[in-house]
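See below for the structure under consideration.
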Amino acid sequence: MRLYQGIRSLILTLFRKILFLWVRTDVSGNSVDALGLSPDTPVCYVLQYSSLSNRLVLEQEVIRAQLPGASTSLPVKNGPSHSFFFLYRRVGKSLRKRQTPRPTPEYRMLVRYGLEHPEKDVQIVPVSLFWGRSPDKEKSLVKLLLSDTWSVAGRLQKLLIILVHGRNTYVQFNTPLSLKQVIDEYRHSEERANRKLARILRTHFRKVRQAVLGPDLSHRRTLVEGLLRTQAVKEAIRETSAKEDAPPEKVRARAYRYADEIAASMSIVTIRFLEVVLAWLWNRLYKGIAVNNINVVKESAQDNAVVYVPCHRSHMDYLLLSYVLYKNGLMPPHIAAGINLNMPLVGPILRRGGAFFMRRSFRDNPLYATVFNEYMHVMFTRGYSMEYFVEGGRSRTGRMLQPRPGMLSMTVRSFLRDHRKPIVFVPVYIGYEKVMEERSYLGELRGKKKQKESVFGLAKSARSLSSSFGKVAVNFGEAIHLSDVLDEVQDSWRDEAYDAEYRPAWLSRAVSELSLRVASNINASVAVNPIGMISTVLLGTERLAMDENQLVRLADQYADLLKAFPYADTMTLPEGSGKDWVTYCESMGLVSRQPQKLGDIIGLEGSNATLMTYYRNNIQHLFALPALVASLFENKSSLARERIVFLAGVAYPYIRSELFLKYQPGEAKDAINQWIDVLVNKGLLVSMGNGRVARPEEGTDAMLRLRMLSRFIIQTVERYHITLGILRKYGSGRITAEELEEQSTLLAERMSILFGLNAPEFFDKTLFRNFIANMQTNGVITTDDNGLLCYGEGLDEVADDARLVLSVEKRQAIQQVTMLGA
């Protein structure tokens with residue numbers, strides 16, 4: 001018997017080595033830590049269908065990862081002879097297509113062992129294996145024959161699949177199941193225990209396959225023609241024909257052109273080609289890609305239609321996210337791309353990579369709007385994963401932009417029409433240490449006209465391939481279930497009847513709440529990097545320069561603040577220390593060093609002073625609350641704790657709206673109190689024991705840290721004071737919101753020149769517009785019938801409180817222009 005097993009093991013090893021002369025694999029989850037395996041409990045791997053090739057691949061990957069061996073015997077009597085089993089076995093003759101799969105004897109033996117030995121447990125690790133990953137296309141016999149799809153392949157077909165797709169094989173190890181926990185309730189019924197474990201494993205394999213392969217795809221032409229047959233598009237064609245007095249056939253042809261212009265044409269060949277090209281590109285451009293919290297996506301993709309909502313920092317975002325998902329065994333999403341990217345050469349490649357194109361605005365084109373809405377609805381109801389940028393365009397300042405409601409509204413309306421397939425939003429933070437477009441952003445912030453995308457511009461950007469842009473982090477945030485948001489806004493939403501045109505009165509509230517939650521969750525997943533930390537400290541100095549030792553010490557201390565009260569579980573912090581970060585920034589050419597006998601000076605020179613505000617702004621929201629508390633001591637030596645909480649609470653709704661902080665208004669008080677405690681524990685504030693809190697003594701290191709911390713948020717509060725000062729200058733009922741926005745922008749631009757501020761967002765019109773809108777929402781100001789802004793005495797109190805944080809020089813600068821001072 002031993003001789004037989006030895007010969008058999010030798011033959012299988014030989015087969016495995018022959019197989020891997022051809023096969024190449026991409027594997028995920030293949031580590032003891034990732035699986036959370038207990039070293040004291042036996043491990044047994046399970047594959048869904050019996051297959052010699054699958055078994056050989058499993059053994060090879062277990063050996064490579066040094067996991068408990070799949071080729072060793074499971075230490076249980078009467079169990080499987082090896083530490084793996086197949087859930088279902090082949091039925092029928094060797095070259096015939098499989099019939100209905102049946103549970104294997106090994107599977108039944110393992111369940112029986114668990115029932116007979118209730119004190120023992122086995123860790124069952126499900127392993128999914130895909131020979132090539134391709135969406136299933138109708139009417140494509142080649143794809144059906146030579147792709148690992150939803151169908152179960154016979155032996156001949158499996159041989160062809162290995163020959164064609166063996167070099168693109170994906171293996172996914174998944175979290176183990178406890179045999180004991182699964183069958184405990186069926187100790188007296190072996191058949192029911194068998195059925196329960198089989199059902200759990202079968203459901204698991206189906207969910208993984210859904211996430212990896214995606215839903216079945218229709219042929220693109222069929223999809224486009226199908227859009228024109230929907231009731232909503234038919235009605236839009238009739239209305240457009242009547243309105244324009246045009247023949248219906250002509251309008252229908254236009255609708256077809258719209259659908260053809262919009263629709264993606266995802267091609268697995270293109271995706272694989274892009275995978276190779278992008279792997280080369282990332283190696284040229286970046287020093288590594290860190291992926292965090294990917295399990296959030298893997299869990300969400302199994303039962304839901306997933307909408308990826310990344311922040312938008314660079315054109316690289318489109319490619320990077322799809323690449324990361326594909327490399328981690330998930331189907332790349334269909335991506336909403338601006339029509340400006342549908343240019344020669346590039347457009348067709350993006351379309352085959354999953355991009356569908358949309359016009360910047362289609363408010364005045366109801367036919368196009370209907371076709372686009374129906375396309376989105378088809379995508380969601382069929383369970384496709386989607387990706388779009390809620391900001392609309394790339395952020396030129398490094399901050400999260402105000403979300404635009406268009407795509408979110410379409411998603412909500414589609415879900416209301418048909419909510420059988422749940423929709424989950426997965427926020428994604430993409431953090432660059434250097435963005436490729438930073439120089440063009442700098443020009444645009446200085447007033448240069450935005451350049452239109454073109455093939456020539458793309459070719460010009462290719463020169464950047466010789467540069468290094470540091471590392472990139474892709475952090476997945478906490479998933480948002482759309483049904484949960486709707487339940488909070490309108491708990492009776494399921495009782496209403498919806499069609500393509502119906503917009504319930506509460507829709508705008510739902511979209512607003514959803515957009516705020518998406519933006520907040522993106523920011524909560526921020527990846528803090530060395531450049532963000534060093535830029536934050538240096539930009540807090542008046543001369544943009546600092547002694548190296550002091551810079552290192554402050555960077556470490558502010559990083560310790562983030563560790564003392566973590567903003568969110570989904571955020572990540574940089575490795576190393578302040579000294580490492582300074583050296584790294586210098587190697588990236590972002591800071592300069594001036595040697596000096598008493599200690600080297602690290603500073604920002606030229607355009608780098610402005611560029612670094614971009615990376616400071618990436619993480620500004622993390623320091624918003626402690627900096628707000630610190631700013632209250634700019635002109636006060638001590639304050640009552642209740643007063644600190646009150647003043648910070650008054651400013652919080654406006655800062656939350658601008659920086660998309662995660663705390664709800666009702667949670668802000670607790671967060672502010674916690675930050676006061678942290679600042680006291682770190683020595684930046686002093687508790688006086690009588691309900692008052694004081695700042696440290698002047699000239700101490702602690703006072704330097706507190707004052708520096710306050711500068712992280714001071715410009716935001718200064719902008720608020722500018723708007724309040726101008727509003728009070730004109731008086732109640734004397735100025736419109738548009739005029740106030742314009743006047744505030746001009747004064748902010750003037751102050752940035754007078755005080756040498758290098759932050760372009762200081763005079764960003766949209767920030768003033770948002771602040772004014774929030775004051776209206778909060779009832780601080782109102783609008784009369786003539787569109788003029790009115791306010792009461794409460795505004796004067798708010799303005800006086802805001803002056804607490806301003807220096808004498810800046811108060812005088814604002815007073816001179818607004819004529820409020822002496």
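All residue names refer to the structure tokens as shown: chains lettered A, B, ... in order, residues numbered from 1 in each chain, ligands numbered from 1 in order.
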Leaving out Pro310 of chain A and any residue of its chain fewer than 3 positions from it, which residues lie within 6 Å of it when counting only C-alpha atoms, given as a PyMOL selection string?
chain A and resi 389+427-429
Give the strand (DSSP E) residues of segment 498-632 of chain A, as assigned by DSSP on the backbone, as a PyMOL selection string.
chain A and resi 545-547+592-594+601-603
Produce a file of the selected residues containing C-alpha atoms, as a PDB file, in the first residue's frame.
```pdb
ATOM      1  CA  ALA A 545      11.706  76.757   5.983  1.00  0.00           C
ATOM      2  CA  MET A 546      12.777  75.071   9.201  1.00  0.00           C
ATOM      3  CA  ASP A 547      15.760  73.569  10.969  1.00  0.00           C
ATOM      4  CA  SER A 592      15.586  71.900  -0.770  1.00  0.00           C
ATOM      5  CA  ARG A 593      18.426  71.660   1.728  1.00  0.00           C
ATOM      6  CA  GLN A 594      20.599  74.596   2.730  1.00  0.00           C
ATOM      7  CA  ILE A 601      17.723  74.187   6.824  1.00  0.00           C
ATOM      8  CA  ILE A 602      14.957  72.365   4.905  1.00  0.00           C
ATOM      9  CA  GLY A 603      12.671  74.597   2.883  1.00  0.00           C
TER      10      GLY A 603
END
```
For a quick check of understanding, using only C-alpha atoms, which of A:Met612, A:Ala34, A:Ala246, A:Leu345 has the smallest distance to Thr397 of chain A?
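Using only C-alpha atoms, the shortest distance to Thr397 of chain A belongs to A:Met612.
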Would you please work out which residue, of A:Asn786, A:Ser752, A:Ser361, A:Ser322, is nearest to Gly338 of chain A when using only C-alpha atoms?
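Checking each candidate against Gly338 of chain A, we get A:Ser361 as the closest.
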Show which residues sit within 9 Å of segment 114-116 of chain A, as JSON, numbers by chain. Count only C-alpha atoms, and ignore same-chain residues fewer than 6 positions away.
{"A": [122, 179, 180, 183, 184, 186, 187, 188, 189, 190, 193]}
Could you dump the residues just selected with N, CA, C and O atoms as a PDB file, in the first residue's frame?
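Once everything was written out, this is result_24.pdb:
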```
ATOM      1  N   VAL A 122     -12.185  20.898  12.027  1.00  0.00           N
ATOM      2  CA  VAL A 122     -11.364  20.962  10.812  1.00  0.00           C
ATOM      3  C   VAL A 122     -11.600  22.314  10.156  1.00  0.00           C
ATOM      4  O   VAL A 122     -12.751  22.762  10.049  1.00  0.00           O
ATOM      5  N   LEU A 179     -15.742  23.287  10.378  1.00  0.00           N
ATOM      6  CA  LEU A 179     -16.616  22.126  10.183  1.00  0.00           C
ATOM      7  C   LEU A 179     -17.527  21.940  11.396  1.00  0.00           C
ATOM      8  O   LEU A 179     -18.723  21.678  11.259  1.00  0.00           O
ATOM      9  N   LYS A 180     -16.963  22.124  12.570  1.00  0.00           N
ATOM     10  CA  LYS A 180     -17.738  21.916  13.806  1.00  0.00           C
ATOM     11  C   LYS A 180     -18.917  22.883  13.892  1.00  0.00           C
ATOM     12  O   LYS A 180     -20.037  22.484  14.196  1.00  0.00           O
ATOM     13  N   ILE A 183     -21.881  22.053  11.251  1.00  0.00           N
ATOM     14  CA  ILE A 183     -22.724  20.858  11.396  1.00  0.00           C
ATOM     15  C   ILE A 183     -23.231  20.636  12.806  1.00  0.00           C
ATOM     16  O   ILE A 183     -23.933  19.653  13.070  1.00  0.00           O
ATOM     17  N   ASP A 184     -22.892  21.529  13.738  1.00  0.00           N
ATOM     18  CA  ASP A 184     -23.268  21.341  15.147  1.00  0.00           C
ATOM     19  C   ASP A 184     -24.767  21.116  15.350  1.00  0.00           C
ATOM     20  O   ASP A 184     -25.174  20.285  16.159  1.00  0.00           O
ATOM     21  N   TYR A 186     -26.893  19.768  13.466  1.00  0.00           N
ATOM     22  CA  TYR A 186     -27.435  18.578  12.814  1.00  0.00           C
ATOM     23  C   TYR A 186     -26.683  17.316  13.259  1.00  0.00           C
ATOM     24  O   TYR A 186     -26.353  16.439  12.464  1.00  0.00           O
ATOM     25  N   ARG A 187     -26.374  17.229  14.529  1.00  0.00           N
ATOM     26  CA  ARG A 187     -25.629  16.099  15.070  1.00  0.00           C
ATOM     27  C   ARG A 187     -26.367  14.768  14.881  1.00  0.00           C
ATOM     28  O   ARG A 187     -25.750  13.707  14.832  1.00  0.00           O
ATOM     29  N   HIS A 188     -27.669  14.802  14.746  1.00  0.00           N
ATOM     30  CA  HIS A 188     -28.451  13.572  14.680  1.00  0.00           C
ATOM     31  C   HIS A 188     -28.951  13.289  13.265  1.00  0.00           C
ATOM     32  O   HIS A 188     -29.789  12.399  13.082  1.00  0.00           O
ATOM     33  N   SER A 189     -28.477  14.062  12.287  1.00  0.00           N
ATOM     34  CA  SER A 189     -28.921  13.834  10.910  1.00  0.00           C
ATOM     35  C   SER A 189     -27.757  14.078   9.955  1.00  0.00           C
ATOM     36  O   SER A 189     -27.451  15.217   9.597  1.00  0.00           O
ATOM     37  N   GLU A 190     -27.125  12.982   9.547  1.00  0.00           N
ATOM     38  CA  GLU A 190     -25.976  13.115   8.654  1.00  0.00           C
ATOM     39  C   GLU A 190     -26.376  13.728   7.318  1.00  0.00           C
ATOM     40  O   GLU A 190     -25.645  14.543   6.746  1.00  0.00           O
ATOM     41  N   ALA A 193     -26.791  17.462   7.651  1.00  0.00           N
ATOM     42  CA  ALA A 193     -25.476  18.089   7.821  1.00  0.00           C
ATOM     43  C   ALA A 193     -24.751  18.160   6.472  1.00  0.00           C
ATOM     44  O   ALA A 193     -24.115  19.165   6.144  1.00  0.00           O
TER      45      ALA A 193
END
```
Report as a list in words all protein, DNA and RNA residues lying within 7 Å of segment 204-208 of chain A, evaluated on only C-alpha atoms, omitting residues in the same chain fewer than 4 positions from it.
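Near neighbours after the sequence-gap exclusion: Ser128, Ile200, Val212, Gln302 and Asp303 of chain A.
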Taking all heavy atoms for each residue, export the selection above as a PDB file, in the first residue's frame.
```pdb
ATOM      1  N   SER A 128     -10.988  28.767  -5.081  1.00  0.00           N
ATOM      2  CA  SER A 128     -11.582  28.955  -6.410  1.00  0.00           C
ATOM      3  C   SER A 128     -10.474  29.098  -7.433  1.00  0.00           C
ATOM      4  O   SER A 128      -9.477  29.788  -7.187  1.00  0.00           O
ATOM      5  CB  SER A 128     -12.475  30.194  -6.421  1.00  0.00           C
ATOM      6  OG  SER A 128     -13.523  30.072  -5.485  1.00  0.00           O
ATOM      7  N   ILE A 200     -23.666  25.792   1.852  1.00  0.00           N
ATOM      8  CA  ILE A 200     -22.790  26.920   2.204  1.00  0.00           C
ATOM      9  C   ILE A 200     -21.631  27.029   1.220  1.00  0.00           C
ATOM     10  O   ILE A 200     -21.303  28.112   0.729  1.00  0.00           O
ATOM     11  CB  ILE A 200     -22.275  26.754   3.653  1.00  0.00           C
ATOM     12  CG1 ILE A 200     -23.427  26.936   4.643  1.00  0.00           C
ATOM     13  CG2 ILE A 200     -21.162  27.762   3.947  1.00  0.00           C
ATOM     14  CD1 ILE A 200     -23.043  26.626   6.070  1.00  0.00           C
ATOM     15  N   VAL A 212     -15.588  37.465  -9.654  1.00  0.00           N
ATOM     16  CA  VAL A 212     -14.424  37.372 -10.529  1.00  0.00           C
ATOM     17  C   VAL A 212     -14.797  37.519 -11.992  1.00  0.00           C
ATOM     18  O   VAL A 212     -14.144  38.228 -12.760  1.00  0.00           O
ATOM     19  CB  VAL A 212     -13.685  36.031 -10.291  1.00  0.00           C
ATOM     20  CG1 VAL A 212     -12.584  35.827 -11.319  1.00  0.00           C
ATOM     21  CG2 VAL A 212     -13.109  36.003  -8.886  1.00  0.00           C
ATOM     22  N   GLN A 302     -19.943  40.044  -4.208  1.00  0.00           N
ATOM     23  CA  GLN A 302     -20.524  38.717  -4.308  1.00  0.00           C
ATOM     24  C   GLN A 302     -22.044  38.723  -4.410  1.00  0.00           C
ATOM     25  O   GLN A 302     -22.627  37.838  -5.019  1.00  0.00           O
ATOM     26  CB  GLN A 302     -20.084  37.874  -3.102  1.00  0.00           C
ATOM     27  CG  GLN A 302     -18.595  37.567  -3.127  1.00  0.00           C
ATOM     28  CD  GLN A 302     -18.158  36.718  -1.948  1.00  0.00           C
ATOM     29  OE1 GLN A 302     -18.971  36.313  -1.129  1.00  0.00           O
ATOM     30  NE2 GLN A 302     -16.861  36.456  -1.852  1.00  0.00           N
ATOM     31  N   ASP A 303     -22.709  39.696  -3.833  1.00  0.00           N
ATOM     32  CA  ASP A 303     -24.173  39.707  -3.822  1.00  0.00           C
ATOM     33  C   ASP A 303     -24.785  40.993  -4.369  1.00  0.00           C
ATOM     34  O   ASP A 303     -26.007  41.115  -4.404  1.00  0.00           O
ATOM     35  CB  ASP A 303     -24.686  39.522  -2.384  1.00  0.00           C
ATOM     36  CG  ASP A 303     -24.428  38.134  -1.856  1.00  0.00           C
ATOM     37  OD1 ASP A 303     -24.707  37.177  -2.592  1.00  0.00           O
ATOM     38  OD2 ASP A 303     -23.930  37.992  -0.730  1.00  0.00           O
TER      39      ASP A 303
END
```
